[in-house]
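The next block holds one structure in the form of structure tokens; read it before the comments.
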2 protein chains.
Amino acid sequence: MNQAIGVIDSGVGGLTVANELMRQLPNEKLIYLGDTLRCPYGPRSKEEVKKFTWEMVDFLLKKQIKILVVACNTATAFTLSELKQKLNIPVIGVIQPGSRAAIKFTSNNHIGVIGTEGTIRSNAYTEALKSINSRIHVNSLACPMFVPMVEQGIVTGEQAEQVVEESLLSMKQNNHIDTLILGCTHYPLLKDTIQAFIGSHVTIISSSEETARETSTILDVHQLLNKRSHTPEHRFYTTGELDIFTEIAESIFEKTIENLQTATIEKAIIC
Amino acid sequence: MNQAIGVIDSGVGGLTVANELMRQLPNEKLIYLGDTLRCPYGPRSKEEVKKFTWEMVDFLLKKQIKILVVACNTATAFTLSELKQKLNIPVIGVIQPGSRAAIKFTSNNHIGVIGTEGTIRSNAYTEALKSINSRIHVNSLACPMFVPMVEQGIVTGEQAEQVVEESLLSMKQNNHIDTLILGCTHYPLLKDTIQAFIGSHVTIISSSEETARETSTILDVHQLLNKRSHTPEHRFYTTGELDIFTEIAESIFEKTIENLQTATIEKAIIC
């Protein structure tokens, strides 16, 4: 019960999942590892993503986690089934929660998905959506510019607007979708810019919020919830530059900064 | 995989859960039992609710179900932990899913809950919410008039408006809540009337939609999803009058009537 929730990501994107976990599960301790040094994972091969993901998992397993959240869509697409098979703790990816939420929200069964090249190429969202409901029409699009931009801390302003506009133009011209999945945990940081461009008639699903919600469900099902009210001591690790990571973490955690009074951010060497 | 999802309720309220299950999980077969003859459960003692619930469960277990959805808040409040302990299939109640969704949606941590006398008296929502986040302020209110009214098919119009207004006046005067849980599966049928009275600034959480969503999650975690695209043959049973049950079912299932082409509605004798 007192063990931590382990969270891995290719960089800072998973901090949006961490933020939602701290908000929705304030009694739970997090141990987060972002592989900023080798980010982005999106354009990498399946084998490389698998290798890097296992290195992150091994790092967290030594820290006694009770559940693993793969807060990176690319890593989820390529490694989730293998992790589920091989680990003896529950493992949650970000693709199924976002897909289930989209199916709940859509009225016309036309769902858009945006993600990295790796995620879109893997076809994981289309498979997840269609395995639940074969009548869903999926319109998916890779947005390779988003992650590098967010990792530099650019999420609003003219440059962000221009990149969003150029990336999503073809999707906007498809008038059918009523629901859009942000199929990358970096993208919630661009949510306002994306919503402004795509239009208010489209419900945007953040896989981060939904993954935190399902982590709550799965901890409950496995009777692993920490029901003791206290202020947990979170730990954040990055393989990259501490300064940029800390700056982005602080901007994401703005609203939940009270949870961070006892948090530490450290450098990790995993390879 | 091909086995059915079993759904039990004190009457027709659980049909709102069934409707969402058919919409969100179109490959899954349902077997539904509504104990209309002995509805409402709300004012009954804990022992009586437990006895009636076990009679329903025994009826469904004979029909080879793979998961049990307790689509009645009163039955969930009084029997869920016992059912979870004693059955060797996953069991889902309606209280936790609604609570988790409310925690996801609230911005100010003030959550309202309305339900039957039994549900409110059991304190089950307050406990569920506070066990996840002790800072949540819960404002709960019993609305004993709603279920008998819905079971008569009265969900809109002057009478419905008047009953909703009188029942919710004290909750409306509390200006703090930004999220309201419909803690009874009959209440989604009154959702429009409730939303009009309570105001558009309050997000209404339907435990029915959320329970269907979590059923999808839990079937996935247990690898029990039916991934074959087909038209399942649902079965609905009521212990009460077939005519009224059928009429209400048809009005609830209006939008998903295509799913009902092969459904049967039958009378059940369980005690």
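The way I read the labels, and the way they are meant: chains A, B, ... in the order of the structure tokens, residue 1 as the first residue of every chain, and ligand 1 as the first ligand shown, with later ones counted on from there.
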For Cys271 in chain B, work out the shell of residues within 12 Å, counting only C-alpha atoms and skipping chain neighbours fewer than 5 positions away, then give it as an mmCIF file with N, CA and C atoms, in the first residue's frame.
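Once written, part-v6.cif looks like this:
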data_model
loop_
_atom_site.group_PDB
_atom_site.id
_atom_site.type_symbol
_atom_site.label_atom_id
_atom_site.label_comp_id
_atom_site.auth_asym_id
_atom_site.auth_seq_id
_atom_site.Cartn_x
_atom_site.Cartn_y
_atom_site.Cartn_z
ATOM 1 N N ASP B 35 -35.282 -6.168 -10.429
ATOM 2 C CA ASP B 35 -36.220 -6.702 -9.427
ATOM 3 C C ASP B 35 -37.382 -5.717 -9.207
ATOM 4 N N LEU B 37 -40.451 -5.941 -9.070
ATOM 5 C CA LEU B 37 -41.520 -6.329 -8.135
ATOM 6 C C LEU B 37 -41.261 -5.793 -6.735
ATOM 7 N N ARG B 38 -39.998 -5.765 -6.321
ATOM 8 C CA ARG B 38 -39.680 -5.371 -4.951
ATOM 9 C C ARG B 38 -38.999 -3.998 -4.879
ATOM 10 N N LYS B 51 -30.314 -9.811 1.101
ATOM 11 C CA LYS B 51 -31.039 -11.046 0.745
ATOM 12 C C LYS B 51 -31.539 -10.973 -0.704
ATOM 13 N N PHE B 52 -32.154 -9.853 -1.069
ATOM 14 C CA PHE B 52 -32.692 -9.691 -2.433
ATOM 15 C C PHE B 52 -31.553 -9.699 -3.465
ATOM 16 N N THR B 53 -30.456 -9.051 -3.123
ATOM 17 C CA THR B 53 -29.327 -8.970 -4.067
ATOM 18 C C THR B 53 -28.767 -10.369 -4.335
ATOM 19 N N TRP B 54 -28.583 -11.162 -3.262
ATOM 20 C CA TRP B 54 -28.069 -12.519 -3.455
ATOM 21 C C TRP B 54 -29.026 -13.365 -4.289
ATOM 22 N N GLU B 55 -30.330 -13.152 -4.156
ATOM 23 C CA GLU B 55 -31.295 -13.896 -4.994
ATOM 24 C C GLU B 55 -31.101 -13.546 -6.468
ATOM 25 N N MET B 56 -30.848 -12.260 -6.731
ATOM 26 C CA MET B 56 -30.595 -11.844 -8.125
ATOM 27 C C MET B 56 -29.288 -12.440 -8.639
ATOM 28 N N ASP B 58 -27.729 -15.142 -7.684
ATOM 29 C CA ASP B 58 -27.857 -16.583 -7.926
ATOM 30 C C ASP B 58 -28.544 -16.866 -9.266
ATOM 31 N N PHE B 59 -29.553 -16.066 -9.579
ATOM 32 C CA PHE B 59 -30.263 -16.206 -10.857
ATOM 33 C C PHE B 59 -29.295 -16.017 -12.035
ATOM 34 N N THR B 239 -38.708 -8.951 -12.597
ATOM 35 C CA THR B 239 -39.594 -9.699 -11.693
ATOM 36 C C THR B 239 -40.989 -9.068 -11.663
#
Mind dumping a table of every chain B residue within 7 Å of chain A, with the nearest atom pair and its distance in Å to one decimal, using only C-alpha atoms, sorted by chain and rising number, as a tab-separated table?
residue	atom	partner	partner_atom	distance
B:Gln24	CA	A:Lys104	CA	6.1
B:Leu25	CA	A:Ile132	CA	6.1
B:Pro26	CA	A:Asn133	CA	6.1
B:Arg100	CA	A:Arg213	CA	6.7
B:Ile103	CA	A:Gln24	CA	6.1
B:Lys104	CA	A:Gln24	CA	6.1
B:Ser131	CA	A:Lys227	CA	5.3
B:Ile132	CA	A:Leu25	CA	6.1
B:Asn133	CA	A:Pro26	CA	6.1
B:Ser134	CA	A:Ser229	CA	6.3
B:Arg213	CA	A:Arg100	CA	6.7
B:Lys227	CA	A:Ser131	CA	5.3
B:Ser229	CA	A:Ser134	CA	6.3
Once chain A is superposed on chain B with a least-squares fit on all C-alpha pairs taken in order, can you show it as a JSON list (two decimals) with C-alpha atoms, in the first residue's frame?
[["chain", "number", "residue", "atom", "x", "y", "z"],
["A", 1, "MET", "CA", -14.76, -14.18, -23.79],
["A", 2, "ASN", "CA", -18.17, -15.08, -25.25],
["A", 3, "GLN", "CA", -19.90, -15.18, -21.88],
["A", 4, "ALA", "CA", -22.24, -12.36, -20.93],
["A", 5, "ILE", "CA", -21.93, -9.33, -18.69],
["A", 6, "GLY", "CA", -24.44, -9.84, -15.87],
["A", 7, "VAL", "CA", -26.26, -6.71, -14.69],
["A", 8, "ILE", "CA", -28.55, -6.51, -11.66],
["A", 9, "ASP", "CA", -30.72, -3.66, -10.44],
["A", 10, "SER", "CA", -33.68, -3.06, -8.16],
["A", 11, "GLY", "CA", -35.75, -2.18, -11.25],
["A", 12, "VAL", "CA", -35.37, -0.17, -14.46],
["A", 13, "GLY", "CA", -32.64, 2.24, -13.25],
["A", 14, "GLY", "CA", -29.87, -0.16, -14.19],
["A", 15, "LEU", "CA", -31.10, 0.00, -17.78],
["A", 16, "THR", "CA", -29.17, 3.29, -18.02],
["A", 17, "VAL", "CA", -26.03, 1.28, -17.22],
["A", 18, "ALA", "CA", -27.11, -1.41, -19.72],
["A", 19, "ASN", "CA", -27.63, 1.27, -22.35],
["A", 20, "GLU", "CA", -24.11, 2.62, -21.83],
["A", 21, "LEU", "CA", -22.65, -0.90, -21.80],
["A", 22, "MET", "CA", -24.28, -1.61, -25.19],
["A", 23, "ARG", "CA", -23.03, 1.72, -26.55],
["A", 24, "GLN", "CA", -19.46, 1.55, -25.21],
["A", 25, "LEU", "CA", -19.02, -2.24, -25.61],
["A", 26, "PRO", "CA", -21.08, -3.20, -28.67],
["A", 27, "ASN", "CA", -19.54, -6.71, -28.92],
["A", 28, "GLU", "CA", -20.62, -7.72, -25.42],
["A", 29, "LYS", "CA", -23.75, -9.70, -24.61],
["A", 30, "LEU", "CA", -25.81, -8.57, -21.59],
["A", 31, "ILE", "CA", -28.02, -10.52, -19.24],
["A", 32, "TYR", "CA", -30.00, -8.06, -17.14],
["A", 33, "LEU", "CA", -32.22, -8.68, -14.16],
["A", 34, "GLY", "CA", -34.39, -5.93, -12.66],
["A", 35, "ASP", "CA", -36.21, -6.70, -9.42],
["A", 36, "THR", "CA", -39.09, -4.36, -10.30],
["A", 37, "LEU", "CA", -41.52, -6.33, -8.13],
["A", 38, "ARG", "CA", -39.67, -5.38, -4.95],
["A", 39, "CYS", "CA", -38.44, -1.94, -6.07],
["A", 40, "PRO", "CA", -37.49, 0.48, -4.51],
["A", 41, "TYR", "CA", -34.62, -0.91, -2.45],
["A", 42, "GLY", "CA", -33.75, 2.55, -1.06],
["A", 43, "PRO", "CA", -35.93, 2.52, 2.05],
["A", 44, "ARG", "CA", -35.26, -1.18, 2.88],
["A", 45, "SER", "CA", -33.00, -2.49, 5.64],
["A", 46, "LYS", "CA", -29.44, -3.61, 4.91],
["A", 47, "GLU", "CA", -30.33, -7.25, 5.61],
["A", 48, "GLU", "CA", -33.27, -7.19, 3.22],
["A", 49, "VAL", "CA", -31.26, -5.55, 0.43],
["A", 50, "LYS", "CA", -28.52, -8.18, 0.92],
["A", 51, "LYS", "CA", -31.03, -11.04, 0.72],
["A", 52, "PHE", "CA", -32.68, -9.70, -2.43],
["A", 53, "THR", "CA", -29.34, -8.98, -4.07],
["A", 54, "TRP", "CA", -28.07, -12.51, -3.46],
["A", 55, "GLU", "CA", -31.28, -13.90, -4.99],
["A", 56, "MET", "CA", -30.62, -11.85, -8.12],
["A", 57, "VAL", "CA", -26.95, -12.89, -8.20],
["A", 58, "ASP", "CA", -27.86, -16.60, -7.92],
["A", 59, "PHE", "CA", -30.26, -16.22, -10.86],
["A", 60, "LEU", "CA", -27.52, -14.71, -13.06],
["A", 61, "LEU", "CA", -24.74, -17.08, -11.96],
["A", 62, "LYS", "CA", -26.77, -19.97, -13.43],
["A", 63, "LYS", "CA", -26.54, -18.20, -16.79],
["A", 64, "GLN", "CA", -22.73, -18.23, -16.99],
["A", 65, "ILE", "CA", -21.74, -14.60, -16.68],
["A", 66, "LYS", "CA", -18.08, -13.49, -16.86],
["A", 67, "ILE", "CA", -18.45, -10.31, -14.79],
["A", 68, "LEU", "CA", -21.15, -8.93, -12.48],
["A", 69, "VAL", "CA", -22.22, -5.29, -12.60],
["A", 70, "VAL", "CA", -24.22, -4.21, -9.57],
["A", 71, "ALA", "CA", -26.09, -1.39, -11.30],
["A", 72, "CYS", "CA", -27.95, -0.29, -8.18],
["A", 73, "ASN", "CA", -26.36, 2.13, -5.73],
["A", 74, "THR", "CA", -28.26, 0.81, -2.71],
["A", 75, "ALA", "CA", -27.23, -2.78, -3.45],
["A", 76, "THR", "CA", -23.65, -1.61, -4.10],
["A", 77, "ALA", "CA", -23.53, 0.24, -0.80],
["A", 78, "PHE", "CA", -24.72, -2.78, 1.21],
["A", 79, "THR", "CA", -23.31, -5.81, -0.64],
["A", 80, "LEU", "CA", -20.34, -4.97, -2.88],
["A", 81, "SER", "CA", -17.54, -5.99, -0.52],
["A", 82, "GLU", "CA", -19.29, -9.27, 0.33],
["A", 83, "LEU", "CA", -19.92, -10.07, -3.37],
["A", 84, "LYS", "CA", -16.29, -9.29, -4.22],
["A", 85, "GLN", "CA", -15.11, -11.63, -1.49],
["A", 86, "LYS", "CA", -17.41, -14.53, -2.32],
["A", 87, "LEU", "CA", -17.63, -14.59, -6.13],
["A", 88, "ASN", "CA", -14.82, -15.79, -8.35],
["A", 89, "ILE", "CA", -15.67, -13.41, -11.20],
["A", 90, "PRO", "CA", -14.92, -9.65, -11.17],
["A", 91, "VAL", "CA", -17.64, -7.56, -9.52],
["A", 92, "ILE", "CA", -18.20, -3.86, -10.24],
["A", 93, "GLY", "CA", -20.42, -1.51, -8.30],
["A", 94, "VAL", "CA", -21.61, 1.93, -9.30],
["A", 95, "ILE", "CA", -20.17, 3.93, -6.42],
["A", 96, "GLN", "CA", -16.42, 3.83, -7.07],
["A", 97, "PRO", "CA", -16.66, 4.69, -10.82],
["A", 98, "GLY", "CA", -18.84, 7.73, -10.14],
["A", 99, "SER", "CA", -16.53, 8.83, -7.31],
["A", 100, "ARG", "CA", -13.38, 8.55, -9.41],
["A", 101, "ALA", "CA", -14.98, 10.50, -12.27],
["A", 102, "ALA", "CA", -16.10, 13.24, -9.87],
["A", 103, "ILE", "CA", -12.56, 13.52, -8.48],
["A", 104, "LYS", "CA", -11.28, 13.85, -12.05],
["A", 105, "PHE", "CA", -13.80, 16.61, -12.91],
["A", 106, "THR", "CA", -13.89, 18.76, -9.76],
["A", 107, "SER", "CA", -11.76, 21.88, -9.67],
["A", 108, "ASN", "CA", -12.72, 23.12, -6.19],
["A", 109, "ASN", "CA", -13.03, 19.77, -4.36],
["A", 110, "HIS", "CA", -16.68, 20.42, -3.46],
["A", 111, "ILE", "CA", -18.75, 17.46, -4.69],
["A", 112, "GLY", "CA", -22.49, 16.92, -4.31],
["A", 113, "VAL", "CA", -24.06, 13.45, -4.15],
["A", 114, "ILE", "CA", -27.75, 12.63, -4.52],
["A", 115, "GLY", "CA", -29.18, 9.15, -4.03],
["A", 116, "THR", "CA", -31.78, 7.03, -2.30],
["A", 117, "GLU", "CA", -32.18, 7.10, 1.47],
["A", 118, "GLY", "CA", -30.32, 3.78, 1.72],
["A", 119, "THR", "CA", -27.36, 4.97, -0.34],
["A", 120, "ILE", "CA", -27.06, 8.30, 1.46],
["A", 121, "ARG", "CA", -27.54, 6.69, 4.90],
["A", 122, "SER", "CA", -24.82, 4.15, 4.11],
["A", 123, "ASN", "CA", -22.33, 7.01, 3.65],
["A", 124, "ALA", "CA", -20.73, 4.95, 0.86],
["A", 125, "TYR", "CA", -20.01, 7.87, -1.49],
["A", 126, "THR", "CA", -18.50, 10.01, 1.24],
["A", 127, "GLU", "CA", -16.26, 7.12, 2.27],
["A", 128, "ALA", "CA", -15.30, 6.33, -1.33],
["A", 129, "LEU", "CA", -14.45, 9.98, -2.10],
["A", 130, "LYS", "CA", -12.60, 10.66, 1.14],
["A", 131, "SER", "CA", -10.62, 7.43, 1.05],
["A", 132, "ILE", "CA", -9.10, 8.66, -2.22],
["A", 133, "ASN", "CA", -8.79, 12.33, -1.25],
["A", 134, "SER", "CA", -9.50, 13.42, 2.32],
["A", 135, "ARG", "CA", -9.65, 17.09, 1.23],
["A", 136, "ILE", "CA", -12.88, 16.54, -0.74],
["A", 137, "HIS", "CA", -15.94, 18.25, 0.77],
["A", 138, "VAL", "CA", -19.02, 16.09, 0.26],
["A", 139, "ASN", "CA", -22.55, 17.48, 0.29],
["A", 140, "SER", "CA", -24.98, 14.57, 0.17],
["A", 141, "LEU", "CA", -28.76, 14.52, -0.05],
["A", 142, "ALA", "CA", -31.40, 11.77, -0.23],
["A", 143, "CYS", "CA", -34.09, 12.22, -2.89],
["A", 144, "PRO", "CA", -36.66, 9.51, -2.01],
["A", 145, "MET", "CA", -39.23, 10.79, -4.53],
["A", 146, "PHE", "CA", -37.11, 10.23, -7.65],
["A", 147, "VAL", "CA", -37.13, 6.41, -8.00],
["A", 148, "PRO", "CA", -40.89, 5.85, -7.60],
["A", 149, "MET", "CA", -41.47, 8.67, -10.11],
["A", 150, "VAL", "CA", -39.05, 7.27, -12.70],
["A", 151, "GLU", "CA", -40.45, 3.74, -12.27],
["A", 152, "GLN", "CA", -43.78, 5.22, -13.39],
["A", 153, "GLY", "CA", -42.11, 6.63, -16.48],
["A", 154, "ILE", "CA", -42.34, 10.29, -15.40],
["A", 155, "VAL", "CA", -39.00, 11.93, -16.26],
["A", 156, "THR", "CA", -39.87, 15.30, -17.85],
["A", 157, "GLY", "CA", -42.71, 17.80, -17.65],
["A", 158, "GLU", "CA", -44.21, 19.84, -14.86],
["A", 159, "GLN", "CA", -44.47, 17.10, -12.25],
["A", 160, "ALA", "CA", -40.85, 16.02, -12.75],
["A", 161, "GLU", "CA", -39.68, 19.65, -12.57],
["A", 162, "GLN", "CA", -41.60, 20.28, -9.37],
["A", 163, "VAL", "CA", -40.28, 17.16, -7.63],
["A", 164, "VAL", "CA", -36.70, 17.93, -8.72],
["A", 165, "GLU", "CA", -37.00, 21.53, -7.54],
["A", 166, "GLU", "CA", -38.40, 20.62, -4.12],
["A", 167, "SER", "CA", -35.88, 17.84, -3.63],
["A", 168, "LEU", "CA", -32.76, 19.78, -4.65],
["A", 169, "LEU", "CA", -33.55, 23.22, -3.24],
["A", 170, "SER", "CA", -31.29, 22.85, -0.19],
["A", 171, "MET", "CA", -28.44, 21.59, -2.35],
["A", 172, "LYS", "CA", -28.79, 24.48, -4.78],
["A", 173, "GLN", "CA", -28.61, 26.95, -1.93],
["A", 174, "ASN", "CA", -25.15, 25.58, -1.24],
["A", 175, "ASN", "CA", -23.24, 27.46, -3.91],
["A", 176, "HIS", "CA", -19.98, 25.59, -3.49],
["A", 177, "ILE", "CA", -20.33, 22.35, -5.44],
["A", 178, "ASP", "CA", -18.93, 22.28, -8.99],
["A", 179, "THR", "CA", -19.67, 18.56, -9.52],
["A", 180, "LEU", "CA", -22.79, 16.53, -8.74],
["A", 181, "ILE", "CA", -22.87, 12.73, -8.70],
["A", 182, "LEU", "CA", -26.15, 11.12, -9.69],
["A", 183, "GLY", "CA", -25.74, 8.39, -7.07],
["A", 184, "CYS", "CA", -28.64, 6.30, -8.34],
["A", 185, "THR", "CA", -28.92, 4.67, -11.75],
["A", 186, "HIS", "CA", -32.51, 5.89, -12.09],
["A", 187, "TYR", "CA", -31.42, 9.52, -11.96],
["A", 188, "PRO", "CA", -29.77, 9.83, -15.41],
["A", 189, "LEU", "CA", -33.33, 9.68, -16.76],
["A", 190, "LEU", "CA", -33.92, 12.96, -14.92],
["A", 191, "LYS", "CA", -30.56, 14.46, -15.92],
["A", 192, "ASP", "CA", -31.90, 17.26, -18.14],
["A", 193, "THR", "CA", -34.41, 18.34, -15.50],
["A", 194, "ILE", "CA", -31.75, 18.22, -12.77],
["A", 195, "GLN", "CA", -29.19, 20.14, -14.90],
["A", 196, "ALA", "CA", -31.76, 22.85, -15.72],
["A", 197, "PHE", "CA", -32.48, 23.37, -12.01],
["A", 198, "ILE", "CA", -28.99, 23.02, -10.52],
["A", 199, "GLY", "CA", -27.32, 25.24, -13.18],
["A", 200, "SER", "CA", -24.91, 24.73, -16.04],
["A", 201, "HIS", "CA", -21.84, 25.55, -13.90],
["A", 202, "VAL", "CA", -22.24, 22.17, -12.17],
["A", 203, "THR", "CA", -20.80, 19.10, -13.97],
["A", 204, "ILE", "CA", -23.22, 16.21, -13.58],
["A", 205, "ILE", "CA", -21.61, 12.79, -13.29],
["A", 206, "SER", "CA", -23.74, 9.84, -14.33],
["A", 207, "SER", "CA", -22.64, 6.78, -12.43],
["A", 208, "SER", "CA", -24.12, 4.76, -15.34],
["A", 209, "GLU", "CA", -21.74, 6.08, -18.02],
["A", 210, "GLU", "CA", -18.78, 5.81, -15.67],
["A", 211, "THR", "CA", -19.63, 2.27, -14.59],
["A", 212, "ALA", "CA", -19.82, 1.16, -18.24],
["A", 213, "ARG", "CA", -16.45, 2.81, -18.86],
["A", 214, "GLU", "CA", -14.87, 0.98, -15.89],
["A", 215, "THR", "CA", -16.48, -2.31, -16.90],
["A", 216, "SER", "CA", -14.57, -1.88, -20.16],
["A", 217, "THR", "CA", -11.34, -1.27, -18.20],
["A", 218, "ILE", "CA", -11.80, -4.25, -15.92],
["A", 219, "LEU", "CA", -12.74, -6.65, -18.74],
["A", 220, "ASP", "CA", -9.55, -5.49, -20.48],
["A", 221, "VAL", "CA", -7.38, -5.97, -17.38],
["A", 222, "HIS", "CA", -8.78, -9.51, -16.95],
["A", 223, "GLN", "CA", -8.47, -10.21, -20.69],
["A", 224, "LEU", "CA", -12.20, -10.91, -20.88],
["A", 225, "LEU", "CA", -13.16, -8.52, -23.71],
["A", 226, "ASN", "CA", -15.05, -10.02, -26.62],
["A", 227, "LYS", "CA", -13.05, -8.74, -29.59],
["A", 228, "ARG", "CA", -15.22, -10.43, -32.21],
["A", 229, "SER", "CA", -17.39, -7.91, -34.07],
["A", 230, "HIS", "CA", -20.95, -9.27, -34.08],
["A", 231, "THR", "CA", -24.51, -8.48, -32.93],
["A", 232, "PRO", "CA", -24.91, -9.97, -29.47],
["A", 233, "GLU", "CA", -28.22, -11.38, -28.24],
["A", 234, "HIS", "CA", -29.08, -9.55, -25.04],
["A", 235, "ARG", "CA", -31.54, -10.89, -22.49],
["A", 236, "PHE", "CA", -33.54, -8.78, -20.08],
["A", 237, "TYR", "CA", -35.49, -10.16, -17.15],
["A", 238, "THR", "CA", -37.83, -8.40, -14.77],
["A", 239, "THR", "CA", -39.60, -9.72, -11.68],
["A", 240, "GLY", "CA", -42.43, -7.22, -12.27],
["A", 241, "GLU", "CA", -44.86, -6.24, -15.00],
["A", 242, "LEU", "CA", -43.48, -6.91, -18.49],
["A", 243, "ASP", "CA", -45.42, -4.07, -20.15],
["A", 244, "ILE", "CA", -44.13, -1.19, -18.04],
["A", 245, "PHE", "CA", -40.59, -2.60, -18.05],
["A", 246, "THR", "CA", -40.61, -2.94, -21.84],
["A", 247, "GLU", "CA", -41.98, 0.57, -22.33],
["A", 248, "ILE", "CA", -39.30, 2.14, -20.12],
["A", 249, "ALA", "CA", -36.58, -0.02, -21.71],
["A", 250, "GLU", "CA", -37.61, 1.14, -25.17],
["A", 251, "SER", "CA", -37.55, 4.78, -24.15],
["A", 252, "ILE", "CA", -34.09, 4.44, -22.57],
["A", 253, "PHE", "CA", -32.68, 2.44, -25.49],
["A", 254, "GLU", "CA", -34.09, 4.79, -28.13],
["A", 255, "LYS", "CA", -30.66, 5.64, -29.51],
["A", 256, "THR", "CA", -29.29, 2.12, -29.38],
["A", 257, "ILE", "CA", -32.36, 0.31, -30.64],
["A", 258, "GLU", "CA", -30.28, -1.35, -33.34],
["A", 259, "ASN", "CA", -28.62, -3.32, -30.57],
["A", 260, "LEU", "CA", -31.97, -4.63, -29.48],
["A", 261, "GLN", "CA", -33.08, -6.34, -32.66],
["A", 262, "THR", "CA", -32.18, -9.66, -31.15],
["A", 263, "ALA", "CA", -32.96, -8.86, -27.52],
["A", 264, "THR", "CA", -35.60, -10.65, -25.51],
["A", 265, "ILE", "CA", -37.46, -9.39, -22.46],
["A", 266, "GLU", "CA", -38.83, -12.05, -20.13],
["A", 267, "LYS", "CA", -40.46, -12.44, -16.78],
["A", 268, "ALA", "CA", -38.26, -13.88, -13.99],
["A", 269, "ILE", "CA", -39.32, -15.52, -10.77],
["A", 270, "ILE", "CA", -36.48, -15.43, -8.27],
["A", 271, "CYS", "CA", -38.13, -15.89, -4.90]]
From a DSSP pass on the backbone, collect the residues of range 27-69 of chain A flagged as helix (DSSP H, G or I) and hand them back as a ChimeraX atom specification.
/A:36-38,46-61
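Here the DSSP assignment of strand (DSSP E or B), based on backbone atoms, applies within range 17-51 of chain B to Leu30, Ile31, Tyr32, Leu33 and Gly34 of chain B.
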